[in-house]
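**Student:** Questions regarding the structure given below will be posed in turn.
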Amino acid sequence: MKQNIAGRLAGIFLESKLTPLLMAAALGVGVWTLSTMASEEEPQIIVPLADLYLPLPGASPVEVENRVLIPLENVLSGIEGVEYVYSHAEPGFGLVTVRYEVGRDMERSLVQLYSTLMKHADRMPPGLQFPLVKTVTIDDVPFFTATLFGAGMDGATLRPLADELRSELQTLADVRDVKVVGGYPREIRVELDPERLATYRIDPLTVVERLGRENVEAEAGTFTFDDQVVRVVTGSFLADAEDVENVVVDVRDGALVQVRDVADVVDGPAEVTQYTFHTEGGSEWLPMVSLAVSKRPGADATELGRAPVSWTPPGTPWVATRSRLRCGTCTG
């Protein structure tokens with residue numbers, strides 16, 4: 001039987017003693033590649049994407065759309081390589097998302113975007129601040145989420161624990177960012193009293209200005225003492241409610257007017273802006289706080305997800321699982 005070239009090559013490989021060695025080598029290379037290749041939930045494709053934040057104080061959504069968004073969409077759509085332009089209008093604010101074609105160079109795309117904005121800066125309406133440009137990449141998408149919850153623990157208790165865990169997670173080499181969602185962060189709130197302000201003839205902007213001036217720490221200089229360089233610092237940051245209350249706002253008839261005289265200062269959880277809850281079996285809804293972790297470009301998501309984190313809230317019997325941390329025996 002006459003064989004063609006493919007048949008003769010197949011016959012040679014079937015009869016050769018090197019064929020098993022070649023197959024074993026190919027299998028070994030495949031195993032090695034599989035064990036060393038970075039695992040990705042999302043493909044590492046380059047899709048240049050940027051969000052433009054456009055504040056226009058006092059403008060209605062219709063005014064933002066007509067004066068800012070529509071003209072800007074027409075300008076940005078003419079940039080080479082731009083595939084889509086999305087926009088959103090709110091009272092006093094506009095958001096424009098620019099997406100380039102897949103595979104475009106990120107730095108070159110951003111340079112084109114900035115150049116176009118600078119070129120048409122003279123066409124911006126009065127009162128519009130220069131756009132804040134924030135890039136978005138595939139690595140901004142969280143690959144791991146941890147949830148904290150426990151019986152008898154509210155959002156105000158869980159939020160400081162989540163902040164501690166965030167600090168611990170950020171020490172890992174390949175962690176890019178950790179975002180905390182839920183809970184009530186600590187806030188020192190100054191609640192101005194209109195009657196007391198009128199009594200001392202002080203306007204709210206004066207209080208804001210004085211607080212800003214006092215909440216500053218600066219280096220005054222250095223000097224040498226006992227073979228050591230001593231750093232001299234003036235001022236300090238406001239640490240608690242008492243520091244805020246003691247800030248001097250003005251002087252009236254030789255007496256100091258402090259923040260405590262014109263306002264109530266509250267040191268506690270911030271006002272509620274969002275609610276996050278967890279339930280097991282639908283029987284009880286527990287407040288929770290989540291941490292969303294994103295990785296650095298090129299990092300192995302699987303290896304980073306397995307990285308050990310030595311963190312345990314002091315005096316609390318916490319149970320750790322792969323995607324959540326919960327209080328195992330908490331009663332309050």
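Here's how to read the names in the structure tokens: chain A, B, ... by the order shown, residue numbers from 1 in each chain, ligand numbers from 1 in the order shown.
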Neighbours of Phe277 in chain A within 8 Å (only C-alpha atoms; same-chain residues fewer than 2 positions away dropped), as a list of chain:residue names?

**Tutor:**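 Neighbouring residues, sequence-local ones excluded: A:Tyr275, A:Thr279, A:Trp285, A:Leu286, A:Pro287, A:Met288.
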
**Student:** For the selection you just gave me, I'd like the residues written to a file as a tab-separated table (two decimals), in the first residue's frame, keeping N, CA and C atoms.

**Tutor:**
chain	number	residue	atom	x	y	z
A	275	TYR	N	-27.08	49.69	54.58
A	275	TYR	CA	-27.33	48.59	55.50
A	275	TYR	C	-26.82	47.29	54.86
A	279	THR	N	-27.68	36.38	56.81
A	279	THR	CA	-28.62	35.45	57.42
A	279	THR	C	-28.18	34.02	57.17
A	285	TRP	N	-31.38	37.78	61.01
A	285	TRP	CA	-30.59	38.69	60.18
A	285	TRP	C	-29.57	39.38	61.07
A	286	LEU	N	-28.28	39.20	60.73
A	286	LEU	CA	-27.20	39.77	61.52
A	286	LEU	C	-26.49	40.86	60.73
A	287	PRO	N	-26.17	42.00	61.38
A	287	PRO	CA	-25.37	43.01	60.69
A	287	PRO	C	-24.01	42.44	60.30
A	288	MET	N	-23.49	42.86	59.18
A	288	MET	CA	-22.21	42.35	58.72
A	288	MET	C	-21.40	43.47	58.08

**Student:** Write out as a PyMOL selection string which residues come within 9 Å of Val232 in chain A when counting only C-alpha atoms, dropping same-chain ones fewer than 3 positions away.

**Tutor:** chain A and resi 218-223

**Student:** Would you list the contacts of Met106 in chain A as an NGL selection string, taking every protein, DNA or RNA residue within 9 Å and counting only C-alpha atoms, but skipping same-chain residues closer than 2 positions in sequence?

**Tutor:** :A and (46-49 or 103-104 or 108-111)

**Student:** Could you list, as a VMD selection string, every residue within 9 Å of Pro125 in chain A, counting only C-alpha atoms and ignoring same-chain residues fewer than 4 positions away?

**Tutor:** chain A and resid 56 67 to 68

**Student:** Which residues are close to Asp174 in chain A, i.e. within 10 Å by only C-alpha atoms, leaving aside same-chain residues fewer than 3 positions away? Reply as a PyMOL selection string.

**Tutor:** chain A and resi 169-171+177+294-301+303-304+307

**Student:** Could you tell me how far CA of Ser87 in chain A sits from CA of Glu63 in chain A, in Å to one decimal place?

**Tutor:**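 Between CA of Glu63 in chain A and CA of Ser87 in chain A the gap works out to 13.6 Å.
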
**Student:** Extract the full set of strand (DSSP E or B) residues from range 71-155 of chain A according to DSSP on the backbone, and format it as a PDB file with all heavy atoms, in the first residue's frame.

**Tutor:**
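Everything below was put into states-v4.pdb:
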ATOM      1  N   VAL A  82     -11.462  55.294  20.562  1.00  0.00           N
ATOM      2  CA  VAL A  82     -12.557  55.278  21.531  1.00  0.00           C
ATOM      3  C   VAL A  82     -13.719  54.485  20.944  1.00  0.00           C
ATOM      4  O   VAL A  82     -14.192  54.775  19.844  1.00  0.00           O
ATOM      5  CB  VAL A  82     -12.991  56.709  21.895  1.00  0.00           C
ATOM      6  CG1 VAL A  82     -14.276  56.683  22.711  1.00  0.00           C
ATOM      7  CG2 VAL A  82     -11.893  57.408  22.669  1.00  0.00           C
ATOM      8  N   GLU A  83     -14.188  53.503  21.708  1.00  0.00           N
ATOM      9  CA  GLU A  83     -15.273  52.645  21.230  1.00  0.00           C
ATOM     10  C   GLU A  83     -16.626  53.075  21.773  1.00  0.00           C
ATOM     11  O   GLU A  83     -17.608  53.104  21.049  1.00  0.00           O
ATOM     12  CB  GLU A  83     -14.993  51.194  21.631  1.00  0.00           C
ATOM     13  CG  GLU A  83     -15.949  50.196  20.999  1.00  0.00           C
ATOM     14  CD  GLU A  83     -15.513  48.761  21.238  1.00  0.00           C
ATOM     15  OE1 GLU A  83     -14.573  48.539  22.048  1.00  0.00           O
ATOM     16  OE2 GLU A  83     -16.102  47.852  20.611  1.00  0.00           O
ATOM     17  N   TYR A  84     -16.690  53.383  23.090  1.00  0.00           N
ATOM     18  CA  TYR A  84     -17.955  53.791  23.693  1.00  0.00           C
ATOM     19  C   TYR A  84     -17.714  54.957  24.641  1.00  0.00           C
ATOM     20  O   TYR A  84     -16.637  55.075  25.264  1.00  0.00           O
ATOM     21  CB  TYR A  84     -18.592  52.642  24.478  1.00  0.00           C
ATOM     22  CG  TYR A  84     -19.012  51.462  23.642  1.00  0.00           C
ATOM     23  CD1 TYR A  84     -18.296  50.274  23.689  1.00  0.00           C
ATOM     24  CD2 TYR A  84     -20.114  51.531  22.794  1.00  0.00           C
ATOM     25  CE1 TYR A  84     -18.665  49.178  22.921  1.00  0.00           C
ATOM     26  CE2 TYR A  84     -20.492  50.449  22.024  1.00  0.00           C
ATOM     27  CZ  TYR A  84     -19.769  49.274  22.092  1.00  0.00           C
ATOM     28  OH  TYR A  84     -20.133  48.196  21.323  1.00  0.00           O
ATOM     29  N   VAL A  85     -18.721  55.812  24.753  1.00  0.00           N
ATOM     30  CA  VAL A  85     -18.725  56.907  25.726  1.00  0.00           C
ATOM     31  C   VAL A  85     -20.071  56.886  26.432  1.00  0.00           C
ATOM     32  O   VAL A  85     -21.120  57.015  25.787  1.00  0.00           O
ATOM     33  CB  VAL A  85     -18.495  58.282  25.060  1.00  0.00           C
ATOM     34  CG1 VAL A  85     -18.565  59.389  26.108  1.00  0.00           C
ATOM     35  CG2 VAL A  85     -17.158  58.317  24.341  1.00  0.00           C
ATOM     36  N   TYR A  86     -20.042  56.675  27.749  1.00  0.00           N
ATOM     37  CA  TYR A  86     -21.254  56.658  28.553  1.00  0.00           C
ATOM     38  C   TYR A  86     -21.272  57.888  29.460  1.00  0.00           C
ATOM     39  O   TYR A  86     -20.208  58.387  29.857  1.00  0.00           O
ATOM     40  CB  TYR A  86     -21.335  55.409  29.436  1.00  0.00           C
ATOM     41  CG  TYR A  86     -21.081  54.111  28.713  1.00  0.00           C
ATOM     42  CD1 TYR A  86     -19.806  53.551  28.654  1.00  0.00           C
ATOM     43  CD2 TYR A  86     -22.123  53.435  28.077  1.00  0.00           C
ATOM     44  CE1 TYR A  86     -19.562  52.359  28.002  1.00  0.00           C
ATOM     45  CE2 TYR A  86     -21.893  52.242  27.409  1.00  0.00           C
ATOM     46  CZ  TYR A  86     -20.608  51.704  27.381  1.00  0.00           C
ATOM     47  OH  TYR A  86     -20.376  50.535  26.717  1.00  0.00           O
ATOM     48  N   SER A  87     -22.453  58.372  29.820  1.00  0.00           N
ATOM     49  CA  SER A  87     -22.545  59.537  30.693  1.00  0.00           C
ATOM     50  C   SER A  87     -23.725  59.392  31.641  1.00  0.00           C
ATOM     51  O   SER A  87     -24.687  58.667  31.366  1.00  0.00           O
ATOM     52  CB  SER A  87     -22.688  60.825  29.869  1.00  0.00           C
ATOM     53  OG  SER A  87     -23.886  60.806  29.107  1.00  0.00           O
ATOM     54  N   HIS A  88     -23.618  60.100  32.766  1.00  0.00           N
ATOM     55  CA  HIS A  88     -24.661  60.066  33.796  1.00  0.00           C
ATOM     56  C   HIS A  88     -24.686  61.421  34.483  1.00  0.00           C
ATOM     57  O   HIS A  88     -23.632  61.965  34.839  1.00  0.00           O
ATOM     58  CB  HIS A  88     -24.382  58.957  34.812  1.00  0.00           C
ATOM     59  CG  HIS A  88     -25.296  58.973  35.995  1.00  0.00           C
ATOM     60  ND1 HIS A  88     -26.625  58.602  35.910  1.00  0.00           N
ATOM     61  CD2 HIS A  88     -25.075  59.345  37.284  1.00  0.00           C
ATOM     62  CE1 HIS A  88     -27.175  58.719  37.105  1.00  0.00           C
ATOM     63  NE2 HIS A  88     -26.263  59.167  37.947  1.00  0.00           N
ATOM     64  N   ALA A  89     -25.875  61.971  34.663  1.00  0.00           N
ATOM     65  CA  ALA A  89     -26.045  63.300  35.255  1.00  0.00           C
ATOM     66  C   ALA A  89     -26.782  63.207  36.579  1.00  0.00           C
ATOM     67  O   ALA A  89     -27.765  62.471  36.701  1.00  0.00           O
ATOM     68  CB  ALA A  89     -26.789  64.227  34.290  1.00  0.00           C
ATOM     69  N   GLU A  90     -26.294  63.960  37.550  1.00  0.00           N
ATOM     70  CA  GLU A  90     -26.938  64.105  38.856  1.00  0.00           C
ATOM     71  C   GLU A  90     -26.952  65.584  39.216  1.00  0.00           C
ATOM     72  O   GLU A  90     -26.278  66.388  38.544  1.00  0.00           O
ATOM     73  CB  GLU A  90     -26.177  63.316  39.928  1.00  0.00           C
ATOM     74  CG  GLU A  90     -26.202  61.821  39.743  1.00  0.00           C
ATOM     75  CD  GLU A  90     -25.473  61.096  40.865  1.00  0.00           C
ATOM     76  OE1 GLU A  90     -25.020  61.792  41.805  1.00  0.00           O
ATOM     77  OE2 GLU A  90     -25.360  59.863  40.799  1.00  0.00           O
ATOM     78  N   PHE A  93     -23.447  67.371  39.434  1.00  0.00           N
ATOM     79  CA  PHE A  93     -22.376  66.407  39.169  1.00  0.00           C
ATOM     80  C   PHE A  93     -22.667  65.644  37.885  1.00  0.00           C
ATOM     81  O   PHE A  93     -23.814  65.317  37.577  1.00  0.00           O
ATOM     82  CB  PHE A  93     -22.257  65.435  40.345  1.00  0.00           C
ATOM     83  CG  PHE A  93     -21.259  64.344  40.141  1.00  0.00           C
ATOM     84  CD1 PHE A  93     -19.910  64.588  40.316  1.00  0.00           C
ATOM     85  CD2 PHE A  93     -21.657  63.068  39.765  1.00  0.00           C
ATOM     86  CE1 PHE A  93     -18.980  63.582  40.125  1.00  0.00           C
ATOM     87  CE2 PHE A  93     -20.744  62.061  39.583  1.00  0.00           C
ATOM     88  CZ  PHE A  93     -19.397  62.321  39.768  1.00  0.00           C
ATOM     89  N   GLY A  94     -21.604  65.361  37.139  1.00  0.00           N
ATOM     90  CA  GLY A  94     -21.711  64.549  35.938  1.00  0.00           C
ATOM     91  C   GLY A  94     -20.608  63.508  35.900  1.00  0.00           C
ATOM     92  O   GLY A  94     -19.496  63.748  36.393  1.00  0.00           O
ATOM     93  N   LEU A  95     -20.901  62.352  35.328  1.00  0.00           N
ATOM     94  CA  LEU A  95     -19.936  61.271  35.212  1.00  0.00           C
ATOM     95  C   LEU A  95     -19.901  60.795  33.765  1.00  0.00           C
ATOM     96  O   LEU A  95     -20.945  60.497  33.178  1.00  0.00           O
ATOM     97  CB  LEU A  95     -20.305  60.105  36.127  1.00  0.00           C
ATOM     98  CG  LEU A  95     -19.452  58.837  36.001  1.00  0.00           C
ATOM     99  CD1 LEU A  95     -18.018  59.114  36.429  1.00  0.00           C
ATOM    100  CD2 LEU A  95     -20.044  57.698  36.820  1.00  0.00           C
ATOM    101  N   VAL A  96     -18.694  60.730  33.206  1.00  0.00           N
ATOM    102  CA  VAL A  96     -18.507  60.252  31.836  1.00  0.00           C
ATOM    103  C   VAL A  96     -17.513  59.100  31.866  1.00  0.00           C
ATOM    104  O   VAL A  96     -16.438  59.216  32.466  1.00  0.00           O
ATOM    105  CB  VAL A  96     -17.989  61.378  30.908  1.00  0.00           C
ATOM    106  CG1 VAL A  96     -17.704  60.824  29.516  1.00  0.00           C
ATOM    107  CG2 VAL A  96     -18.995  62.506  30.821  1.00  0.00           C
ATOM    108  N   THR A  97     -17.869  57.993  31.237  1.00  0.00           N
ATOM    109  CA  THR A  97     -16.997  56.828  31.134  1.00  0.00           C
ATOM    110  C   THR A  97     -16.552  56.659  29.690  1.00  0.00           C
ATOM    111  O   THR A  97     -17.392  56.590  28.788  1.00  0.00           O
ATOM    112  CB  THR A  97     -17.716  55.557  31.618  1.00  0.00           C
ATOM    113  OG1 THR A  97     -18.113  55.725  32.977  1.00  0.00           O
ATOM    114  CG2 THR A  97     -16.805  54.351  31.511  1.00  0.00           C
ATOM    115  N   VAL A  98     -15.243  56.616  29.494  1.00  0.00           N
ATOM    116  CA  VAL A  98     -14.661  56.473  28.159  1.00  0.00           C
ATOM    117  C   VAL A  98     -14.012  55.103  28.061  1.00  0.00           C
ATOM    118  O   VAL A  98     -13.162  54.755  28.886  1.00  0.00           O
ATOM    119  CB  VAL A  98     -13.612  57.577  27.886  1.00  0.00           C
ATOM    120  CG1 VAL A  98     -13.052  57.439  26.475  1.00  0.00           C
ATOM    121  CG2 VAL A  98     -14.218  58.952  28.096  1.00  0.00           C
ATOM    122  N   ARG A  99     -14.411  54.325  27.055  1.00  0.00           N
ATOM    123  CA  ARG A  99     -13.843  52.998  26.852  1.00  0.00           C
ATOM    124  C   ARG A  99     -13.216  52.906  25.481  1.00  0.00           C
ATOM    125  O   ARG A  99     -13.859  53.191  24.470  1.00  0.00           O
ATOM    126  CB  ARG A  99     -14.908  51.909  26.999  1.00  0.00           C
ATOM    127  CG  ARG A  99     -14.312  50.532  27.259  1.00  0.00           C
ATOM    128  CD  ARG A  99     -15.375  49.472  27.260  1.00  0.00           C
ATOM    129  NE  ARG A  99     -15.635  48.972  25.914  1.00  0.00           N
ATOM    130  CZ  ARG A  99     -16.521  48.021  25.623  1.00  0.00           C
ATOM    131  NH1 ARG A  99     -17.242  47.499  26.594  1.00  0.00           N
ATOM    132  NH2 ARG A  99     -16.701  47.620  24.394  1.00  0.00           N
ATOM    133  N   TYR A 100     -11.939  52.501  25.486  1.00  0.00           N
ATOM    134  CA  TYR A 100     -11.210  52.341  24.227  1.00  0.00           C
ATOM    135  C   TYR A 100     -11.376  50.915  23.697  1.00  0.00           C
ATOM    136  O   TYR A 100     -11.920  50.039  24.369  1.00  0.00           O
ATOM    137  CB  TYR A 100      -9.720  52.636  24.435  1.00  0.00           C
ATOM    138  CG  TYR A 100      -9.386  54.100  24.563  1.00  0.00           C
ATOM    139  CD1 TYR A 100      -9.572  54.768  25.764  1.00  0.00           C
ATOM    140  CD2 TYR A 100      -8.870  54.811  23.492  1.00  0.00           C
ATOM    141  CE1 TYR A 100      -9.255  56.119  25.891  1.00  0.00           C
ATOM    142  CE2 TYR A 100      -8.546  56.152  23.602  1.00  0.00           C
ATOM    143  CZ  TYR A 100      -8.744  56.795  24.806  1.00  0.00           C
ATOM    144  OH  TYR A 100      -8.437  58.122  24.919  1.00  0.00           O
ATOM    145  N   LEU A 132     -11.827  65.262  37.043  1.00  0.00           N
ATOM    146  CA  LEU A 132     -10.961  64.298  37.718  1.00  0.00           C
ATOM    147  C   LEU A 132     -11.031  62.990  36.940  1.00  0.00           C
ATOM    148  O   LEU A 132     -12.103  62.415  36.764  1.00  0.00           O
ATOM    149  CB  LEU A 132     -11.416  64.083  39.158  1.00  0.00           C
ATOM    150  CG  LEU A 132     -10.730  62.948  39.927  1.00  0.00           C
ATOM    151  CD1 LEU A 132      -9.251  63.227  40.091  1.00  0.00           C
ATOM    152  CD2 LEU A 132     -11.405  62.727  41.282  1.00  0.00           C
ATOM    153  N   VAL A 133      -9.879  62.519  36.453  1.00  0.00           N
ATOM    154  CA  VAL A 133      -9.808  61.315  35.621  1.00  0.00           C
ATOM    155  C   VAL A 133      -9.311  60.161  36.474  1.00  0.00           C
ATOM    156  O   VAL A 133      -8.243  60.248  37.080  1.00  0.00           O
ATOM    157  CB  VAL A 133      -8.894  61.526  34.400  1.00  0.00           C
ATOM    158  CG1 VAL A 133      -8.858  60.264  33.549  1.00  0.00           C
ATOM    159  CG2 VAL A 133      -9.353  62.728  33.581  1.00  0.00           C
ATOM    160  N   LYS A 134     -10.084  59.088  36.501  1.00  0.00           N
ATOM    161  CA  LYS A 134      -9.712  57.891  37.261  1.00  0.00           C
ATOM    162  C   LYS A 134      -9.761  56.690  36.335  1.00  0.00           C
ATOM    163  O   LYS A 134     -10.803  56.379  35.758  1.00  0.00           O
ATOM    164  CB  LYS A 134     -10.670  57.683  38.441  1.00  0.00           C
ATOM    165  CG  LYS A 134     -10.296  56.495  39.322  1.00  0.00           C
ATOM    166  CD  LYS A 134     -11.217  56.381  40.511  1.00  0.00           C
ATOM    167  CE  LYS A 134     -10.826  55.196  41.393  1.00  0.00           C
ATOM    168  NZ  LYS A 134     -11.728  55.049  42.558  1.00  0.00           N
ATOM    169  N   THR A 135      -8.625  56.010  36.206  1.00  0.00           N
ATOM    170  CA  THR A 135      -8.559  54.847  35.331  1.00  0.00           C
ATOM    171  C   THR A 135      -9.161  53.622  36.014  1.00  0.00           C
ATOM    172  O   THR A 135      -9.153  53.505  37.241  1.00  0.00           O
ATOM    173  CB  THR A 135      -7.109  54.550  34.931  1.00  0.00           C
ATOM    174  OG1 THR A 135      -6.344  54.291  36.117  1.00  0.00           O
ATOM    175  CG2 THR A 135      -6.509  55.723  34.184  1.00  0.00           C
ATOM    176  N   VAL A 136      -9.659  52.714  35.204  1.00  0.00           N
ATOM    177  CA  VAL A 136     -10.256  51.467  35.682  1.00  0.00           C
ATOM    178  C   VAL A 136      -9.646  50.317  34.886  1.00  0.00           C
ATOM    179  O   VAL A 136      -9.620  50.363  33.651  1.00  0.00           O
ATOM    180  CB  VAL A 136     -11.784  51.469  35.513  1.00  0.00           C
ATOM    181  CG1 VAL A 136     -12.383  50.176  36.061  1.00  0.00           C
ATOM    182  CG2 VAL A 136     -12.406  52.666  36.218  1.00  0.00           C
ATOM    183  N   PHE A 144     -11.508  38.365  45.990  1.00  0.00           N
ATOM    184  CA  PHE A 144     -11.746  37.685  47.272  1.00  0.00           C
ATOM    185  C   PHE A 144     -12.565  38.618  48.164  1.00  0.00           C
ATOM    186  O   PHE A 144     -12.326  39.825  48.206  1.00  0.00           O
ATOM    187  CB  PHE A 144     -10.408  37.352  47.947  1.00  0.00           C
ATOM    188  CG  PHE A 144     -10.554  36.688  49.297  1.00  0.00           C
ATOM    189  CD1 PHE A 144     -10.733  35.326  49.406  1.00  0.00           C
ATOM    190  CD2 PHE A 144     -10.507  37.436  50.457  1.00  0.00           C
ATOM    191  CE1 PHE A 144     -10.864  34.717  50.642  1.00  0.00           C
ATOM    192  CE2 PHE A 144     -10.639  36.851  51.697  1.00  0.00           C
ATOM    193  CZ  PHE A 144     -10.814  35.478  51.791  1.00  0.00           C
ATOM    194  N   THR A 145     -13.526  38.046  48.869  1.00  0.00           N
ATOM    195  CA  THR A 145     -14.366  38.819  49.783  1.00  0.00           C
ATOM    196  C   THR A 145     -14.469  38.101  51.115  1.00  0.00           C
ATOM    197  O   THR A 145     -14.730  36.895  51.160  1.00  0.00           O
ATOM    198  CB  THR A 145     -15.788  39.021  49.200  1.00  0.00           C
ATOM    199  OG1 THR A 145     -15.690  39.689  47.947  1.00  0.00           O
ATOM    200  CG2 THR A 145     -16.627  39.867  50.145  1.00  0.00           C
ATOM    201  N   ALA A 146     -14.225  38.826  52.189  1.00  0.00           N
ATOM    202  CA  ALA A 146     -14.365  38.293  53.542  1.00  0.00           C
ATOM    203  C   ALA A 146     -15.481  39.043  54.252  1.00  0.00           C
ATOM    204  O   ALA A 146     -15.617  40.259  54.093  1.00  0.00           O
ATOM    205  CB  ALA A 146     -13.056  38.427  54.328  1.00  0.00           C
ATOM    206  N   THR A 147     -16.283  38.319  55.028  1.00  0.00           N
ATOM    207  CA  THR A 147     -17.426  38.901  55.721  1.00  0.00           C
ATOM    208  C   THR A 147     -17.294  38.679  57.213  1.00  0.00           C
ATOM    209  O   THR A 147     -16.994  37.571  57.651  1.00  0.00           O
ATOM    210  CB  THR A 147     -18.745  38.279  55.212  1.00  0.00           C
ATOM    211  OG1 THR A 147     -18.861  38.514  53.809  1.00  0.00           O
ATOM    212  CG2 THR A 147     -19.938  38.887  55.916  1.00  0.00           C
ATOM    213  N   LEU A 148     -17.529  39.725  57.989  1.00  0.00           N
ATOM    214  CA  LEU A 148     -17.480  39.664  59.447  1.00  0.00           C
ATOM    215  C   LEU A 148     -18.882  39.856  59.999  1.00  0.00           C
ATOM    216  O   LEU A 148     -19.579  40.795  59.619  1.00  0.00           O
ATOM    217  CB  LEU A 148     -16.557  40.745  60.019  1.00  0.00           C
ATOM    218  CG  LEU A 148     -15.046  40.477  60.047  1.00  0.00           C
ATOM    219  CD1 LEU A 148     -14.494  40.339  58.633  1.00  0.00           C
ATOM    220  CD2 LEU A 148     -14.311  41.574  60.787  1.00  0.00           C
ATOM    221  N   PHE A 149     -19.299  38.953  60.873  1.00  0.00           N
ATOM    222  CA  PHE A 149     -20.595  39.096  61.535  1.00  0.00           C
ATOM    223  C   PHE A 149     -20.571  38.264  62.804  1.00  0.00           C
ATOM    224  O   PHE A 149     -19.734  37.377  62.991  1.00  0.00           O
ATOM    225  CB  PHE A 149     -21.743  38.658  60.621  1.00  0.00           C
ATOM    226  CG  PHE A 149     -21.721  37.188  60.270  1.00  0.00           C
ATOM    227  CD1 PHE A 149     -22.440  36.265  61.003  1.00  0.00           C
ATOM    228  CD2 PHE A 149     -20.972  36.745  59.193  1.00  0.00           C
ATOM    229  CE1 PHE A 149     -22.410  34.915  60.677  1.00  0.00           C
ATOM    230  CE2 PHE A 149     -20.939  35.400  58.855  1.00  0.00           C
ATOM    231  CZ  PHE A 149     -21.659  34.480  59.598  1.00  0.00           C
TER     232      PHE A 149
END

**Student:** May I ask which of the residues A:Arg252, A:Tyr184, A:Gly235, A:Phe225 is the closest one to Pro269 in chain A, counting only C-alpha atoms?

**Tutor:**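 Looking only at the distances to Pro269 in chain A, the closest residue turns out to be A:Tyr184.
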
**Student:** In Å, with one decimal, what is the gap from CA of Ala198 in chain A to CA of Asp264 in chain A?

**Tutor:**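 Going from CA of Ala198 in chain A over to CA of Asp264 in chain A covers 15.1 Å.
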
**Student:** Could you list, as a PyMOL selection string, every residue within 7 Å of Ser60 in chain A, counting only C-alpha atoms and ignoring same-chain residues fewer than 4 positions away?

**Tutor:** chain A and resi 64+91-92

**Student:** Calculate how many Å separate CA of Glu209 in chain A from CA of Met124 in chain A, rounding to one decimal.

**Tutor:**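 Computed distance, CA of Glu209 in chain A to CA of Met124 in chain A, equals 29.9 Å.
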